[in-house]
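Listing of start.cif; format and content: mmCIF, C-alpha atoms.
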data_upload
#
loop_
_atom_site.label_atom_id
_atom_site.label_comp_id
_atom_site.auth_asym_id
_atom_site.auth_seq_id
_atom_site.Cartn_x
_atom_site.Cartn_y
_atom_site.Cartn_z
CA MET A 1 31.70 0.91 -18.77
CA PRO A 2 31.59 3.49 -16.02
CA HIS A 3 28.10 4.74 -16.89
CA CYS A 4 26.52 1.32 -16.39
CA ALA A 5 28.56 0.64 -13.23
CA TYR A 6 27.54 4.01 -11.80
CA VAL A 7 23.84 3.34 -12.33
CA LEU A 8 24.22 -0.18 -10.91
CA ARG A 9 25.79 1.21 -7.74
CA ILE A 10 22.77 3.40 -7.06
CA ALA A 11 20.37 0.65 -8.10
CA ASP A 12 21.96 -2.06 -5.96
CA THR A 13 22.14 0.19 -2.93
CA SER A 14 18.37 0.73 -3.16
CA LEU A 15 17.67 -2.93 -3.92
CA ILE A 16 19.65 -4.42 -1.03
CA LEU A 17 18.28 -1.89 1.45
CA ALA A 18 14.74 -2.68 0.24
CA GLN A 19 15.42 -6.39 0.83
CA ARG A 20 16.76 -5.71 4.33
CA LEU A 21 13.74 -3.58 5.27
CA GLY A 22 11.47 -6.30 3.93
CA GLU A 23 12.81 -8.59 6.65
CA TRP A 24 10.93 -6.44 9.19
CA VAL A 25 7.52 -7.27 7.79
CA GLY A 26 5.62 -9.06 10.52
CA HIS A 27 8.32 -8.30 13.09
CA ALA A 28 8.20 -4.52 13.63
CA PRO A 29 7.50 -3.15 17.13
CA ALA A 30 4.00 -2.05 16.10
CA ILE A 31 1.76 -2.75 13.14
CA GLU A 32 1.98 0.93 12.18
CA GLU A 33 5.79 0.60 11.91
CA ASP A 34 5.40 -2.63 9.97
CA LEU A 35 3.60 -0.68 7.28
CA GLY A 36 5.90 2.31 7.55
CA LEU A 37 9.01 0.21 6.94
CA ALA A 38 7.31 -1.76 4.17
CA ASN A 39 6.35 1.48 2.41
CA VAL A 40 9.94 2.68 2.48
CA SER A 41 11.09 -0.73 1.27
CA LEU A 42 8.68 -0.65 -1.67
CA ASP A 43 9.73 2.89 -2.61
CA LEU A 44 13.34 1.72 -2.69
CA LEU A 45 12.40 -1.34 -4.71
CA GLY A 46 10.63 0.89 -7.23
CA GLN A 47 13.76 3.03 -7.56
CA ALA A 48 15.89 -0.09 -7.96
CA ARG A 49 13.65 -1.42 -10.71
CA MET A 50 13.88 1.76 -12.80
CA LEU A 51 17.63 1.95 -12.31
CA LEU A 52 18.26 -1.74 -13.00
CA SER A 53 16.23 -1.59 -16.22
CA TYR A 54 18.26 1.40 -17.27
CA ALA A 55 21.55 -0.27 -16.33
CA GLY A 56 20.51 -3.25 -18.45
CA GLU A 57 19.97 -0.94 -21.44
CA LEU A 58 23.33 0.76 -20.90
CA GLU A 59 25.05 -2.60 -20.70
CA GLY A 60 23.50 -3.59 -24.03
CA ARG A 61 23.51 -7.33 -23.45
CA GLY A 62 19.75 -7.65 -23.26
CA ARG A 63 19.62 -8.26 -19.49
CA SER A 64 16.37 -7.27 -17.79
CA GLU A 65 15.89 -5.87 -14.28
CA ASP A 66 15.09 -9.41 -13.08
CA ASP A 67 18.22 -10.85 -14.70
CA LEU A 68 20.31 -8.26 -12.93
CA ALA A 69 18.59 -8.61 -9.55
CA TYR A 70 18.32 -12.38 -9.42
CA LEU A 71 21.11 -13.81 -11.53
CA ARG A 72 24.20 -11.85 -10.60
CA GLU A 73 26.76 -13.16 -8.12
CA GLU A 74 27.85 -11.41 -4.95
CA SER A 75 30.96 -9.84 -6.47
CA GLU A 76 28.87 -8.35 -9.29
CA PHE A 77 26.69 -6.39 -6.86
CA LEU A 78 27.89 -2.81 -6.48
CA ASN A 79 25.85 -1.62 -3.50
CA ALA A 80 27.40 0.34 -0.65
CA THR A 81 28.51 -2.03 2.13
CA LEU A 82 26.42 -0.09 4.66
CA VAL A 83 23.06 -1.25 3.31
CA GLU A 84 23.84 -4.97 3.51
CA GLN A 85 24.48 -4.79 7.27
CA PRO A 86 22.00 -6.77 9.38
CA ASN A 87 18.90 -5.06 10.73
CA GLY A 88 19.92 -5.60 14.36
CA ASP A 89 17.35 -4.08 16.70
CA PHE A 90 14.90 -1.40 15.57
CA GLY A 91 17.37 1.31 16.63
CA GLN A 92 20.13 -0.07 14.44
CA THR A 93 17.74 -0.24 11.48
CA VAL A 94 16.79 3.40 12.10
CA VAL A 95 20.43 4.51 12.25
CA ARG A 96 21.31 2.66 9.04
CA GLN A 97 18.23 4.06 7.34
CA PHE A 98 18.94 7.59 8.45
CA LEU A 99 22.56 7.54 7.24
CA VAL A 100 21.49 6.18 3.84
CA ASP A 101 18.42 8.44 3.48
CA ALA A 102 20.53 11.56 4.05
CA TRP A 103 23.05 10.32 1.46
CA GLN A 104 20.40 9.39 -1.10
CA LEU A 105 18.68 12.74 -0.72
CA GLU A 106 21.96 14.54 -1.38
CA LEU A 107 22.62 12.27 -4.36
CA TYR A 108 19.19 12.57 -5.95
CA GLU A 109 19.12 16.34 -5.47
CA GLN A 110 22.37 16.63 -7.38
CA LEU A 111 21.24 14.11 -10.02
CA LEU A 112 18.34 16.43 -10.87
CA GLU A 113 21.01 18.42 -12.75
CA SER A 114 22.43 15.37 -14.52
CA LYS A 115 23.24 15.64 -18.22
CA ASP A 116 21.77 12.15 -18.51
CA PRO A 117 18.02 12.84 -18.92
CA ARG A 118 17.03 9.33 -17.79
CA LEU A 119 18.90 9.70 -14.50
CA ALA A 120 17.48 13.19 -13.97
CA GLU A 121 13.99 11.80 -14.54
CA ILE A 122 14.46 8.92 -12.09
CA ALA A 123 15.95 11.34 -9.55
CA ALA A 124 12.93 13.64 -9.87
CA LYS A 125 10.64 10.82 -8.77
CA ALA A 126 13.00 9.41 -6.15
CA VAL A 127 13.80 12.71 -4.48
CA LYS A 128 10.22 13.14 -3.24
CA GLU A 129 10.12 9.64 -1.82
CA THR A 130 13.53 10.09 -0.21
CA ARG A 131 12.51 13.34 1.51
CA TYR A 132 9.80 11.38 3.27
CA HIS A 133 12.18 8.52 4.13
CA LEU A 134 14.53 10.99 5.78
CA ARG A 135 11.71 12.65 7.66
CA TYR A 136 10.63 9.23 8.95
CA SER A 137 14.09 7.98 9.97
CA ALA A 138 15.19 11.35 11.40
CA GLY A 139 12.00 11.48 13.46
CA TRP A 140 12.76 8.08 14.94
CA LEU A 141 16.44 8.88 15.49
CA VAL A 142 15.51 11.94 17.58
CA ARG A 143 12.81 10.01 19.44
CA LEU A 144 15.23 7.20 20.36
CA GLY A 145 18.38 9.31 20.83
CA ASP A 146 16.56 11.82 23.01
CA GLY A 147 14.42 9.12 24.62
CA THR A 148 15.22 6.81 27.52
CA ASP A 149 18.73 5.89 28.69
CA GLU A 150 18.35 2.51 27.03
CA SER A 151 17.10 3.81 23.68
CA HIS A 152 19.86 6.42 23.66
CA ALA A 153 22.54 3.82 24.42
CA ARG A 154 21.24 1.51 21.70
CA VAL A 155 21.22 4.05 18.88
CA GLN A 156 24.57 5.54 19.97
CA ASP A 157 25.99 2.03 19.92
CA ALA A 158 24.53 1.34 16.46
CA LEU A 159 25.93 4.64 15.21
CA THR A 160 29.41 3.77 16.47
CA ARG A 161 29.16 0.41 14.72
CA LEU A 162 27.82 1.66 11.38
CA TRP A 163 29.69 4.94 11.11
CA PRO A 164 32.94 3.43 9.68
CA LEU A 165 30.89 2.10 6.75
CA THR A 166 29.84 5.60 5.68
CA GLY A 167 33.35 6.50 4.46
CA GLU A 168 32.79 4.47 1.31
CA LEU A 169 29.85 6.67 0.30
CA PHE A 170 32.17 9.63 -0.12
CA SER A 171 35.35 8.09 -1.52
CA THR A 172 35.69 8.93 -5.21
CA ASP A 173 37.15 6.23 -7.43
CA GLU A 174 37.83 5.95 -11.17
CA VAL A 175 34.15 5.37 -12.05
CA ASP A 176 33.05 8.42 -10.04
CA ARG A 177 35.72 10.59 -11.63
CA GLU A 178 34.66 9.75 -15.18
CA ILE A 179 30.99 10.20 -14.33
CA ALA A 180 31.65 13.60 -12.75
CA GLN A 181 33.74 14.73 -15.71
CA ALA A 182 30.96 13.78 -18.11
CA GLY A 183 28.42 15.71 -16.02
CA ILE A 184 26.35 12.57 -15.45
CA GLY A 185 26.53 12.64 -11.69
CA PRO A 186 28.33 14.16 -8.71
CA ALA A 187 31.70 12.80 -7.57
CA ALA A 188 31.20 10.80 -4.38
CA GLU A 189 33.15 13.30 -2.29
CA ALA A 190 30.95 16.16 -3.52
CA LEU A 191 28.09 14.71 -1.45
CA LEU A 192 29.99 14.93 1.83
CA PRO A 193 29.46 18.59 2.86
CA GLY A 194 25.68 18.49 2.39
CA TRP A 195 25.37 15.09 4.05
CA SER A 196 27.53 16.10 7.01
CA ALA A 197 25.47 19.21 7.63
CA ARG A 198 22.21 17.26 7.43
CA VAL A 199 23.26 14.48 9.80
CA ALA A 200 24.97 16.85 12.26
CA ALA A 201 21.76 18.86 12.67
CA VAL A 202 19.75 15.74 13.52
CA PHE A 203 22.49 14.30 15.78
CA ALA A 204 22.38 17.51 17.82
CA GLU A 205 18.63 17.21 18.25
CA ALA A 206 18.96 13.50 19.08
CA ARG A 207 21.80 14.14 21.59
CA LEU A 208 24.04 11.76 19.64
CA ALA A 209 27.77 12.10 19.19
CA ALA A 210 29.14 11.52 15.69
CA PRO A 211 32.11 9.15 15.88
CA VAL A 212 35.39 10.08 14.23
CA MET A 213 35.56 9.01 10.57
CA SER A 214 37.91 6.05 10.28
CA PRO A 215 40.53 5.99 7.53
CA PHE A 216 39.64 2.38 6.74
CA SER A 217 37.27 2.11 3.79
CA TRP A 218 34.95 -0.58 2.50
CA HIS A 219 34.60 -1.25 -1.21
CA GLY A 220 31.12 -2.64 -1.75
CA LYS A 221 30.65 -0.37 -4.72
CA GLN A 222 33.55 -2.17 -6.38
CA GLY A 223 32.04 -5.57 -5.63
CA ARG A 224 34.06 -6.37 -2.49
CA HIS A 225 31.54 -6.91 0.28
CA SER A 226 31.21 -7.75 3.95
CA GLU A 227 30.25 -11.30 4.92
CA HIS A 228 26.57 -10.34 5.09
CA LEU A 229 25.68 -9.80 1.43
CA GLY A 230 25.90 -13.49 0.49
CA PHE A 231 23.11 -14.34 2.93
CA VAL A 232 20.93 -11.48 1.69
CA LEU A 233 21.32 -12.69 -1.90
CA ALA A 234 20.74 -16.34 -0.98
CA GLU A 235 17.33 -15.40 0.36
CA MET A 236 16.49 -12.82 -2.29
CA GLN A 237 17.49 -14.97 -5.25
CA SER A 238 16.50 -18.46 -4.11
CA LEU A 239 13.00 -18.45 -5.57
CA HIS A 240 14.05 -17.15 -8.97
CA ARG A 241 16.95 -19.59 -9.17
CA ALA A 242 14.77 -22.55 -8.18
CA HIS A 243 11.93 -21.54 -10.49
CA PRO A 244 13.45 -19.45 -13.29
CA GLY A 245 11.01 -16.95 -14.73
CA ALA A 246 8.39 -17.64 -12.05
CA THR A 247 5.67 -14.98 -11.93
CA TRP A 248 3.32 -14.10 -9.10
CA MET B 1 5.24 -8.91 16.97
CA THR B 2 5.58 -7.46 20.44
CA ASP B 3 2.79 -5.20 21.46
CA ASN B 4 4.50 -1.95 22.45
CA SER B 5 1.80 -0.02 20.66
CA GLN B 6 -0.55 -0.71 23.57
CA ASP B 7 1.42 1.88 25.56
CA TRP B 8 1.09 4.44 22.80
CA PRO B 9 -1.86 6.84 22.85
CA LEU B 10 -4.63 6.36 20.33
CA TYR B 11 -5.25 8.95 17.62
CA GLU B 12 -8.33 9.34 15.42
CA ILE B 13 -7.46 10.04 11.81
CA PHE B 14 -9.38 12.23 9.38
CA ILE B 15 -8.52 12.39 5.68
CA ARG B 16 -9.50 14.95 3.06
CA ALA B 17 -9.84 13.00 -0.17
CA ARG B 18 -9.37 16.04 -2.41
CA SER B 19 -9.51 19.80 -2.23
CA GLY B 20 -12.96 21.14 -1.48
CA LEU B 21 -14.19 18.06 0.36
CA ASP B 22 -14.49 17.69 4.12
CA HIS B 23 -12.09 15.65 6.20
CA LYS B 24 -13.69 12.27 6.88
CA HIS B 25 -12.96 9.94 9.76
CA VAL B 26 -11.11 6.90 8.39
CA GLY B 27 -9.94 5.05 11.50
CA SER B 28 -7.52 5.20 14.38
CA LEU B 29 -3.93 4.30 15.13
CA HIS B 30 -1.33 4.31 17.88
CA ALA B 31 1.54 6.80 17.93
CA THR B 32 3.88 8.22 20.57
CA ASP B 33 3.48 11.82 19.44
CA ALA B 34 1.67 14.07 16.99
CA ARG B 35 4.38 13.91 14.33
CA MET B 36 4.37 10.11 14.38
CA ALA B 37 0.57 10.12 14.19
CA ILE B 38 0.72 12.06 10.91
CA GLU B 39 3.44 9.78 9.52
CA HIS B 40 1.57 6.63 10.49
CA ALA B 41 -1.63 8.04 9.02
CA ARG B 42 0.20 8.81 5.80
CA ASP B 43 1.54 5.25 5.65
CA LEU B 44 -1.67 3.52 6.70
CA TYR B 45 -4.41 5.59 5.14
CA THR B 46 -3.01 7.44 2.11
CA ARG B 47 -0.79 4.83 0.46
CA ARG B 48 -3.30 4.36 -2.36
CA GLN B 49 -3.74 8.07 -3.04
CA GLU B 50 -6.72 8.36 -0.72
CA GLY B 51 -5.96 11.86 0.45
CA VAL B 52 -4.42 15.31 0.18
CA SER B 53 -4.66 16.33 3.84
CA ILE B 54 -4.55 14.60 7.22
CA TRP B 55 -5.92 15.58 10.61
CA ALA B 56 -4.96 13.62 13.71
CA VAL B 57 -6.74 14.08 17.03
CA ARG B 58 -5.94 12.37 20.31
CA SER B 59 -8.89 10.03 20.90
CA SER B 60 -8.95 11.10 24.55
CA ASP B 61 -9.58 14.70 23.42
CA ILE B 62 -12.82 13.81 21.71
CA VAL B 63 -15.99 14.51 23.67
CA ALA B 64 -18.65 11.99 22.70
CA SER B 65 -22.35 11.65 23.37
CA ASP B 66 -23.37 8.70 25.53
CA PRO B 67 -25.21 5.98 23.58
CA ALA B 68 -27.40 5.53 26.67
CA ASP B 69 -28.68 9.08 26.17
CA ALA B 70 -29.91 8.32 22.64
CA ASP B 71 -33.57 8.38 23.71
CA THR B 72 -33.24 11.79 25.26
CA LEU B 73 -31.02 13.31 22.61
CA PHE B 74 -32.35 11.93 19.35
CA GLU B 75 -35.84 10.48 19.82
CA PRO B 76 -37.64 13.85 20.17
CA ALA B 77 -36.65 14.78 16.58
CA ARG B 78 -38.45 11.81 15.11
CA ASP B 79 -41.99 13.24 14.86
CA LYS B 80 -40.96 16.73 13.78
CA VAL B 81 -41.11 16.28 10.05
CA TYR B 82 -41.84 20.00 9.64
CA ARG B 83 -38.18 20.61 10.34
CA HIS B 84 -37.26 19.09 6.99
CA PRO B 85 -37.14 21.69 4.22
CA THR B 86 -39.66 19.80 2.10
CA PHE B 87 -42.72 22.05 2.57
CA TYR B 88 -41.73 24.75 0.12
CA ASP B 89 -42.68 25.08 -3.52
CA ILE B 90 -39.55 25.73 -5.47
CA PRO B 91 -40.03 28.16 -8.37
CA ASP B 92 -39.17 26.71 -11.77
CA GLU B 93 -36.65 29.49 -12.37
CA VAL B 94 -34.46 28.16 -9.60
CA LYS B 95 -32.20 25.68 -11.28
CA THR B 96 -29.88 24.74 -8.50
CA LEU B 97 -30.69 24.67 -4.84
#

Render the structure in this file as C-alpha cells.
Amino acid sequence: MPHCAYVLRIADTSLILAQRLGEWVGHAPAIEEDLGLANVSLDLLGQARMLLSYAGELEGRGRSEDDLAYLREESEFLNATLVEQPNGDFGQTVVRQFLVDAWQLELYEQLLESKDPRLAEIAAKAVKETRYHLRYSAGWLVRLGDGTDESHARVQDALTRLWPLTGELFSTDEVDREIAQAGIGPAAEALLPGWSARVAAVFAEARLAAPVMSPFSWHGKQGRHSEHLGFVLAEMQSLHRAHPGATW
Amino acid sequence: MTDNSQDWPLYEIFIRARSGLDHKHVGSLHATDARMAIEHARDLYTRRQEGVSIWAVRSSDIVASDPADADTLFEPARDKVYRHPTFYDIPDEVKTL
C-alpha cells in the first residue's frame, strides 16, 4: 500500500524529530531557546498527528494515531534516518533542524498541488509552520557558522557528520515512483534542486562548506534504521506500553 | 540550564493585540541580535494568538524618568483638577465624544 507508506514516512519523520527536540526542554542554552525549540517540536507533533490519523484511515485496520505512534516496532517506523540522530550539542541540533526544515518546506510546497485533497490540506497548514522553522534554524546556522572560531568549527563538524544522511531524502524508491505517477506527491529526487539551492544560499551566508554527497545511502524510510531509533522509541513508547490507553 | 543568556542584551517587547490597537509592553527577553529578539518574542509572547505585530527595543535604548524625581515631576499635577475635561456641558445632540 504505497499511499499509506508514503504518508507514514512524512508522519514518522515529523514525529521522531518532535521527540528529539522535546529532549531539549529544560536543557537549552537559554530559557528563550527552550521555548523556541519546544514550539517547533509541538508544531511537528501536530503535523505528525494529522498525518498518522490519515495513515490509519488509509490502512483501514482501525488503528488510531496513538496505536501507530506507540505500538509499532522499530522496523515499522518509516522516518528518514537523519531525524533520529542524537541532538549532540546545540549546533548539531541546529544543523539537523536546518537540513530537515529546508526539505520539509520543499515537500510541503509541492504537496500543496497534490491530487490527494487531505494531503494538500495538511500541507497548507504545515507549510506556514515550516517557513518559520526554517527561518529559526537558518538564523541560528548563520549566527553560529559566522560566529566564533569554536561555533564555526562545531557546526561545520556537525554538518560533515550529518550530511551523508541527507542522501536518503532524495533517493526515489518504488513507493515514491507510484506516488509520483498517481500525482499524490513529488518523487523524492524532485525535491533536490529546490533544497540544494535553499541550503547553499544559507551555507554561503554562514561561511560553511557543503560536504560532497556520499554514494552510501540510508534506508530509514524503508524501516531500516541506525542504532539510535530504538532508544528514541523506548523512551517515547514506554508510558503507553506500561499503561495502555493512559490519558493525561 | 547554563546561563549564557546573561551575556545577551535585554530587549523590551511590545505586542499589538490586533489591528487598530496600540502596541503594549508585555515583558522583556534576552537575545543576541534584533532578528533573534523578534523570534524569541514570537515564541514567548504570541504563542497563544496574543498578537499581530511585534516591536522589540534594546532596553538600554530606553530613556526613563527617575523614580526619585516623582515629587518634582508628578506631584504638581495633583491639585490641578481644572486640567481634566470635566467642566464642560456636553450638548445632548452629541452622541459620541

Can you translate the PyMOL selection byres ((chain B and resi 36) around 12) into the concrete residues it hits in this file, as a PyMOL selection string?
(chain A and resi 32-33+36+135-140+142-143) or (chain B and resi 8-11+29-35+37-44+56)

Can you write just those residues out, C-alpha atoms, as a PDB file, in the coordinates of the input?
ATOM      1  CA  GLU A  32       1.980   0.930  12.180  1.00  0.00           C
ATOM      2  CA  GLU A  33       5.790   0.600  11.910  1.00  0.00           C
ATOM      3  CA  GLY A  36       5.900   2.310   7.550  1.00  0.00           C
ATOM      4  CA  ARG A 135      11.710  12.650   7.660  1.00  0.00           C
ATOM      5  CA  TYR A 136      10.630   9.230   8.950  1.00  0.00           C
ATOM      6  CA  SER A 137      14.090   7.980   9.970  1.00  0.00           C
ATOM      7  CA  ALA A 138      15.190  11.350  11.400  1.00  0.00           C
ATOM      8  CA  GLY A 139      12.000  11.480  13.460  1.00  0.00           C
ATOM      9  CA  TRP A 140      12.760   8.080  14.940  1.00  0.00           C
ATOM     10  CA  VAL A 142      15.510  11.940  17.580  1.00  0.00           C
ATOM     11  CA  ARG A 143      12.810  10.010  19.440  1.00  0.00           C
TER      12      ARG A 143
ATOM     13  CA  TRP B   8       1.090   4.440  22.800  1.00  0.00           C
ATOM     14  CA  PRO B   9      -1.860   6.840  22.850  1.00  0.00           C
ATOM     15  CA  LEU B  10      -4.630   6.360  20.330  1.00  0.00           C
ATOM     16  CA  TYR B  11      -5.250   8.950  17.620  1.00  0.00           C
ATOM     17  CA  LEU B  29      -3.930   4.300  15.130  1.00  0.00           C
ATOM     18  CA  HIS B  30      -1.330   4.310  17.880  1.00  0.00           C
ATOM     19  CA  ALA B  31       1.540   6.800  17.930  1.00  0.00           C
ATOM     20  CA  THR B  32       3.880   8.220  20.570  1.00  0.00           C
ATOM     21  CA  ASP B  33       3.480  11.820  19.440  1.00  0.00           C
ATOM     22  CA  ALA B  34       1.670  14.070  16.990  1.00  0.00           C
ATOM     23  CA  ARG B  35       4.380  13.910  14.330  1.00  0.00           C
ATOM     24  CA  ALA B  37       0.570  10.120  14.190  1.00  0.00           C
ATOM     25  CA  ILE B  38       0.720  12.060  10.910  1.00  0.00           C
ATOM     26  CA  GLU B  39       3.440   9.780   9.520  1.00  0.00           C
ATOM     27  CA  HIS B  40       1.570   6.630  10.490  1.00  0.00           C
ATOM     28  CA  ALA B  41      -1.630   8.040   9.020  1.00  0.00           C
ATOM     29  CA  ARG B  42       0.200   8.810   5.800  1.00  0.00           C
ATOM     30  CA  ASP B  43       1.540   5.250   5.650  1.00  0.00           C
ATOM     31  CA  LEU B  44      -1.670   3.520   6.700  1.00  0.00           C
ATOM     32  CA  ALA B  56      -4.960  13.620  13.710  1.00  0.00           C
TER      33      ALA B  56
END

As a check of understanding, name the residues that the PyMOL selection byres ((chain A and resi 89) around 10) selects in the supplied structure, as a list in words.
Ala28, Pro29, Pro86, Asn87, Gly88, Phe90, Gly91, Gln92, Thr93, Val94, Arg154, Val155 and Ala158 of chain A

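From atom CA of His240 of chain A back to atom CA of Ala48 of chain A, the distance works out to 17.2 Å.
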
Between atom CA of Leu99 of chain A and atom CA of Tyr132 of chain A - distance in Å to one decimal
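Taking atom CA of Tyr132 of chain A and atom CA of Leu99 of chain A, their separation equals 13.9 Å.
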
Can you pull out the residues contacting Tyr70 of chain A? Cut-off 9 Å, using all atoms listed in the file, and skip same-chain residues under 4 positions away; I want them as a PyMOL selection string.
chain A and resi 65-66+233+236-241

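Here atom CA of Ala187 of chain A is placed at a distance of 28.4 Å from atom CA of Gly62 of chain A.
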
Nearest to chain A: which of B:Phe14, B:Tyr45, B:Phe87, B:Lys24 is it, counting all atoms listed in the file?
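Closest to chain A of all the choices is B:Tyr45.
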
For Lys115 of chain A, find every residue with an atom within 9 Å (counting all atoms listed in the file), except residues of its own chain fewer than 3 positions away, and show them as number ranges by chain.
A: 111-112, 118-120, 182-185

Selection result for the PyMOL selection byres ((chain A and resi 214-219) around 7) on this file, as a list of chain:residue names
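Residues picked by the PyMOL selection byres ((chain A and resi 214-219) around 7): A:Thr81, A:Pro164, A:Leu165, A:Gly167, A:Glu168, A:Val212, A:Met213, A:Gly220, A:Lys221, A:Gln222, A:Gly223, A:Arg224, A:His225.
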
For a cutoff of 9 Å around the file-coordinate point (28.3, 12.6, -9.0), which residues qualify once you count all atoms listed in the file? I'd like the result as an mmCIF file with C-alpha atoms, keeping the file's coordinate frame.
data_model
loop_
_atom_site.group_PDB
_atom_site.id
_atom_site.type_symbol
_atom_site.label_atom_id
_atom_site.label_comp_id
_atom_site.auth_asym_id
_atom_site.auth_seq_id
_atom_site.Cartn_x
_atom_site.Cartn_y
_atom_site.Cartn_z
ATOM 1 C CA LEU A 107 22.620 12.270 -4.360
ATOM 2 C CA GLN A 110 22.370 16.630 -7.380
ATOM 3 C CA LEU A 111 21.240 14.110 -10.020
ATOM 4 C CA SER A 114 22.430 15.370 -14.520
ATOM 5 C CA ASP A 176 33.050 8.420 -10.040
ATOM 6 C CA ARG A 177 35.720 10.590 -11.630
ATOM 7 C CA ILE A 179 30.990 10.200 -14.330
ATOM 8 C CA ALA A 180 31.650 13.600 -12.750
ATOM 9 C CA GLN A 181 33.740 14.730 -15.710
ATOM 10 C CA GLY A 183 28.420 15.710 -16.020
ATOM 11 C CA ILE A 184 26.350 12.570 -15.450
ATOM 12 C CA GLY A 185 26.530 12.640 -11.690
ATOM 13 C CA PRO A 186 28.330 14.160 -8.710
ATOM 14 C CA ALA A 187 31.700 12.800 -7.570
ATOM 15 C CA ALA A 188 31.200 10.800 -4.380
ATOM 16 C CA GLU A 189 33.150 13.300 -2.290
ATOM 17 C CA ALA A 190 30.950 16.160 -3.520
ATOM 18 C CA LEU A 191 28.090 14.710 -1.450
#

Skip Ala204 of chain A itself and residues of its chain fewer than 6 positions away, then list as a ChimeraX atom specification all residues within 10 Å of it, counting only C-alpha atoms.
/A:142,145-146,210

Contacts of Leu21 of chain B within 12 Å, all atoms listed in the file, excl. fewer than 5 positions in-chain, as a list in words
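These residues fall inside the cut-off: Phe14, Ile15, Arg16, Gly51, Val52 and Ser53 of chain B.
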
Could you write segment 44-57 of chain B as a PDB file, in the frame of the given file, with N, CA and C atoms rebuilt where they are missing?
ATOM      1  N   LEU B  44      -0.562   4.474   6.590  1.00  0.00           N
ATOM      2  CA  LEU B  44      -1.670   3.520   6.700  1.00  0.00           C
ATOM      3  C   LEU B  44      -2.854   3.892   5.828  1.00  0.00           C
ATOM      4  N   TYR B  45      -3.132   5.196   5.731  1.00  0.00           N
ATOM      5  CA  TYR B  45      -4.410   5.590   5.140  1.00  0.00           C
ATOM      6  C   TYR B  45      -4.315   6.368   3.831  1.00  0.00           C
ATOM      7  N   THR B  46      -3.090   6.697   3.381  1.00  0.00           N
ATOM      8  CA  THR B  46      -3.010   7.440   2.110  1.00  0.00           C
ATOM      9  C   THR B  46      -2.092   6.746   1.098  1.00  0.00           C
ATOM     10  N   ARG B  47      -1.757   5.477   1.353  1.00  0.00           N
ATOM     11  CA  ARG B  47      -0.790   4.830   0.460  1.00  0.00           C
ATOM     12  C   ARG B  47      -1.370   4.500  -0.907  1.00  0.00           C
ATOM     13  N   ARG B  48      -2.677   4.567  -1.049  1.00  0.00           N
ATOM     14  CA  ARG B  48      -3.300   4.360  -2.360  1.00  0.00           C
ATOM     15  C   ARG B  48      -3.945   5.643  -2.853  1.00  0.00           C
ATOM     16  N   GLN B  49      -3.296   6.752  -2.581  1.00  0.00           N
ATOM     17  CA  GLN B  49      -3.740   8.070  -3.040  1.00  0.00           C
ATOM     18  C   GLN B  49      -5.113   8.452  -2.501  1.00  0.00           C
ATOM     19  N   GLU B  50      -5.407   8.065  -1.273  1.00  0.00           N
ATOM     20  CA  GLU B  50      -6.720   8.360  -0.720  1.00  0.00           C
ATOM     21  C   GLU B  50      -6.875   9.805  -0.260  1.00  0.00           C
ATOM     22  N   GLY B  51      -5.775  10.554  -0.156  1.00  0.00           N
ATOM     23  CA  GLY B  51      -5.960  11.860   0.450  1.00  0.00           C
ATOM     24  C   GLY B  51      -4.946  12.921   0.088  1.00  0.00           C
ATOM     25  N   VAL B  52      -5.315  14.165   0.388  1.00  0.00           N
ATOM     26  CA  VAL B  52      -4.420  15.310   0.180  1.00  0.00           C
ATOM     27  C   VAL B  52      -4.178  16.070   1.478  1.00  0.00           C
ATOM     28  N   SER B  53      -4.847  15.647   2.561  1.00  0.00           N
ATOM     29  CA  SER B  53      -4.660  16.330   3.840  1.00  0.00           C
ATOM     30  C   SER B  53      -5.041  15.381   4.970  1.00  0.00           C
ATOM     31  N   ILE B  54      -4.307  15.487   6.079  1.00  0.00           N
ATOM     32  CA  ILE B  54      -4.550  14.600   7.220  1.00  0.00           C
ATOM     33  C   ILE B  54      -4.779  15.430   8.481  1.00  0.00           C
ATOM     34  N   TRP B  55      -5.777  15.061   9.250  1.00  0.00           N
ATOM     35  CA  TRP B  55      -5.920  15.580  10.610  1.00  0.00           C
ATOM     36  C   TRP B  55      -5.765  14.403  11.564  1.00  0.00           C
ATOM     37  N   ALA B  56      -5.058  14.633  12.660  1.00  0.00           N
ATOM     38  CA  ALA B  56      -4.960  13.620  13.710  1.00  0.00           C
ATOM     39  C   ALA B  56      -5.383  14.244  15.029  1.00  0.00           C
ATOM     40  N   VAL B  57      -6.229  13.564  15.754  1.00  0.00           N
ATOM     41  CA  VAL B  57      -6.740  14.080  17.030  1.00  0.00           C
ATOM     42  C   VAL B  57      -6.585  12.981  18.072  1.00  0.00           C
TER      43      VAL B  57
END
